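What follows is the content of run.txt (compact mmCIF, C-alpha atoms).
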```txt
# COMPACT_ATOMS: atom_id res chain seq x y z
CA MET A 1 -2.78 45.89 14.74
CA GLU A 2 0.68 47.34 14.25
CA SER A 3 1.59 50.34 16.35
CA LYS A 4 2.30 53.67 14.64
CA ASN A 5 4.48 54.86 17.53
CA LYS A 6 7.21 53.26 19.59
CA LEU A 7 6.19 51.88 22.98
CA ASN A 8 5.21 54.70 25.38
CA SER A 9 5.82 57.48 22.88
CA GLY A 10 3.86 59.59 20.44
CA VAL A 11 3.54 62.86 18.58
CA ILE A 12 1.54 66.01 19.28
CA PHE A 13 0.38 68.57 16.71
CA LYS A 14 -1.27 71.97 17.03
CA ASN A 15 -5.02 71.48 16.49
CA ALA A 16 -5.71 73.22 13.18
CA LYS A 17 -9.41 72.27 13.42
CA LYS A 18 -10.11 73.95 16.79
CA THR A 19 -13.74 75.09 16.64
CA SER A 20 -14.37 76.31 20.20
CA GLU A 21 -12.63 77.09 23.49
CA LYS A 22 -13.47 73.55 24.61
CA SER A 23 -11.59 72.03 21.66
CA PRO A 24 -8.03 70.91 22.50
CA ASP A 25 -5.14 73.19 21.56
CA TYR A 26 -2.93 70.22 20.64
CA LYS A 27 -3.60 66.55 19.89
CA GLY A 28 -1.98 63.47 18.45
CA PRO A 29 -1.52 59.70 18.51
CA VAL A 30 0.41 58.09 21.37
CA ASN A 31 1.30 54.56 22.40
CA VAL A 32 0.50 53.93 26.07
CA ASN A 33 1.79 50.57 27.32
CA GLY A 34 1.37 49.11 23.83
CA VAL A 35 -2.14 50.52 23.27
CA GLU A 36 -2.76 53.14 20.58
CA MET A 37 -4.48 56.15 22.15
CA GLU A 38 -5.04 59.81 21.31
CA ILE A 39 -3.88 62.62 23.58
CA SER A 40 -5.59 66.01 23.75
CA LEU A 41 -3.89 68.98 25.40
CA TRP A 42 -5.29 72.32 26.52
CA PHE A 43 -2.85 75.17 27.22
CA LYS A 44 -3.85 76.85 30.50
CA GLU A 45 -2.63 79.36 33.02
CA SER A 46 -3.27 79.19 36.77
CA GLN A 47 -4.53 82.15 38.81
CA LYS A 48 -0.93 82.70 39.93
CA GLY A 49 0.28 82.82 36.32
CA THR A 50 1.83 79.34 36.09
CA LYS A 51 1.46 77.98 32.54
CA TYR A 52 0.58 74.32 32.16
CA PHE A 53 -1.16 71.74 29.97
CA SER A 54 -4.31 69.87 30.92
CA ALA A 55 -4.30 66.43 29.25
CA SER A 56 -6.85 63.81 28.28
CA PHE A 57 -6.30 60.35 26.76
CA GLN A 58 -8.94 58.57 24.70
CA GLU A 59 -9.24 55.71 22.25
CA PRO A 60 -8.76 56.79 18.61
CA PHE A 61 -11.93 57.62 16.67
CA LYS A 62 -13.15 54.66 14.64
CA LYS A 63 -15.52 54.89 11.69
CA GLU A 64 -18.81 53.00 12.07
CA ASN A 65 -17.76 50.19 9.72
CA GLN A 66 -14.61 49.46 11.75
CA VAL A 67 -14.75 46.87 14.52
CA MET A 68 -14.24 48.23 18.04
CA THR A 69 -12.12 46.16 20.36
CA LYS A 70 -12.58 45.94 24.10
CA PRO A 71 -12.42 49.50 25.51
CA ASN A 72 -9.32 50.35 27.48
CA THR A 73 -9.63 51.96 30.84
CA PHE A 74 -7.14 54.65 31.75
CA ASP A 75 -7.28 57.65 34.01
CA THR A 76 -8.75 59.85 31.28
CA HIS A 77 -7.81 63.26 32.65
CA SER A 78 -4.77 64.59 34.40
CA ASP A 79 -3.18 67.99 34.83
CA PHE A 80 0.54 68.45 34.78
CA ARG A 81 2.53 71.61 35.14
CA ILE A 82 5.60 72.90 33.36
CA ASP A 83 7.97 74.35 35.92
CA SER A 84 9.97 76.47 33.50
CA LYS A 85 9.64 80.22 33.94
CA ASP A 86 10.29 80.68 30.20
CA ASP A 87 7.44 81.22 27.78
CA PHE A 88 6.60 78.39 25.40
CA LEU A 89 8.30 78.57 22.03
CA PHE A 90 5.29 77.47 20.01
```

File written out as structure tokens:
Amino acid sequence: MESKNKLNSGVIFKNAKKTSEKSPDYKGPVNVNGVEMEISLWFKESQKGTKYFSASFQEPFKKENQVMTKPNTFDTHSDFRIDSKDDFLF
């Protein structure tokens, strides 16, 4: 299967189909060590007011008639903070 993204890169789009607070704010396809994955991002703010994204990686959704390959195991949830004091531009 040919990769859509360059090695260890990807794209993220605002989630236009967000249906609840649990739905990600942003999502998109990424290439992680040569494996096509999807990233989901939730925009959050800490109790002290620090803005950050919470991230989750998962295998892309496959329709029932598509063959699933061996599942990949990654740390599926990690938080990372943006240290800039500026507001986000998007």

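Distance annotation: of A:Lys63, A:Phe57, A:Phe43, A:Tyr52, the residue with the minimal separation from A:Glu21 is A:Phe43; atom set is only C-alpha atoms.
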
Option closest in space to A:Pro29, from A:Asn15, A:Asn5, A:Ser56, A:Ser46 [counting all atoms listed in the file]: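 Looking only at the distances to A:Pro29, the closest residue turns out to be A:Asn5.
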
Long-range neighbours of stretch 9-12 of chain A as JSON, numbers by chain, 8 Å cut-off, all atoms listed in the file, 3 positions minimum in chain: {"A": [5, 6, 26, 27, 28, 29, 30, 31, 32, 39]}

Given all atoms listed in the file as the counted atoms, nearest of A:Ala55, A:Met37, A:Glu45, A:Thr50 to A:Leu7: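 Answer, going by the shortest atom-to-atom distance: A:Met37.
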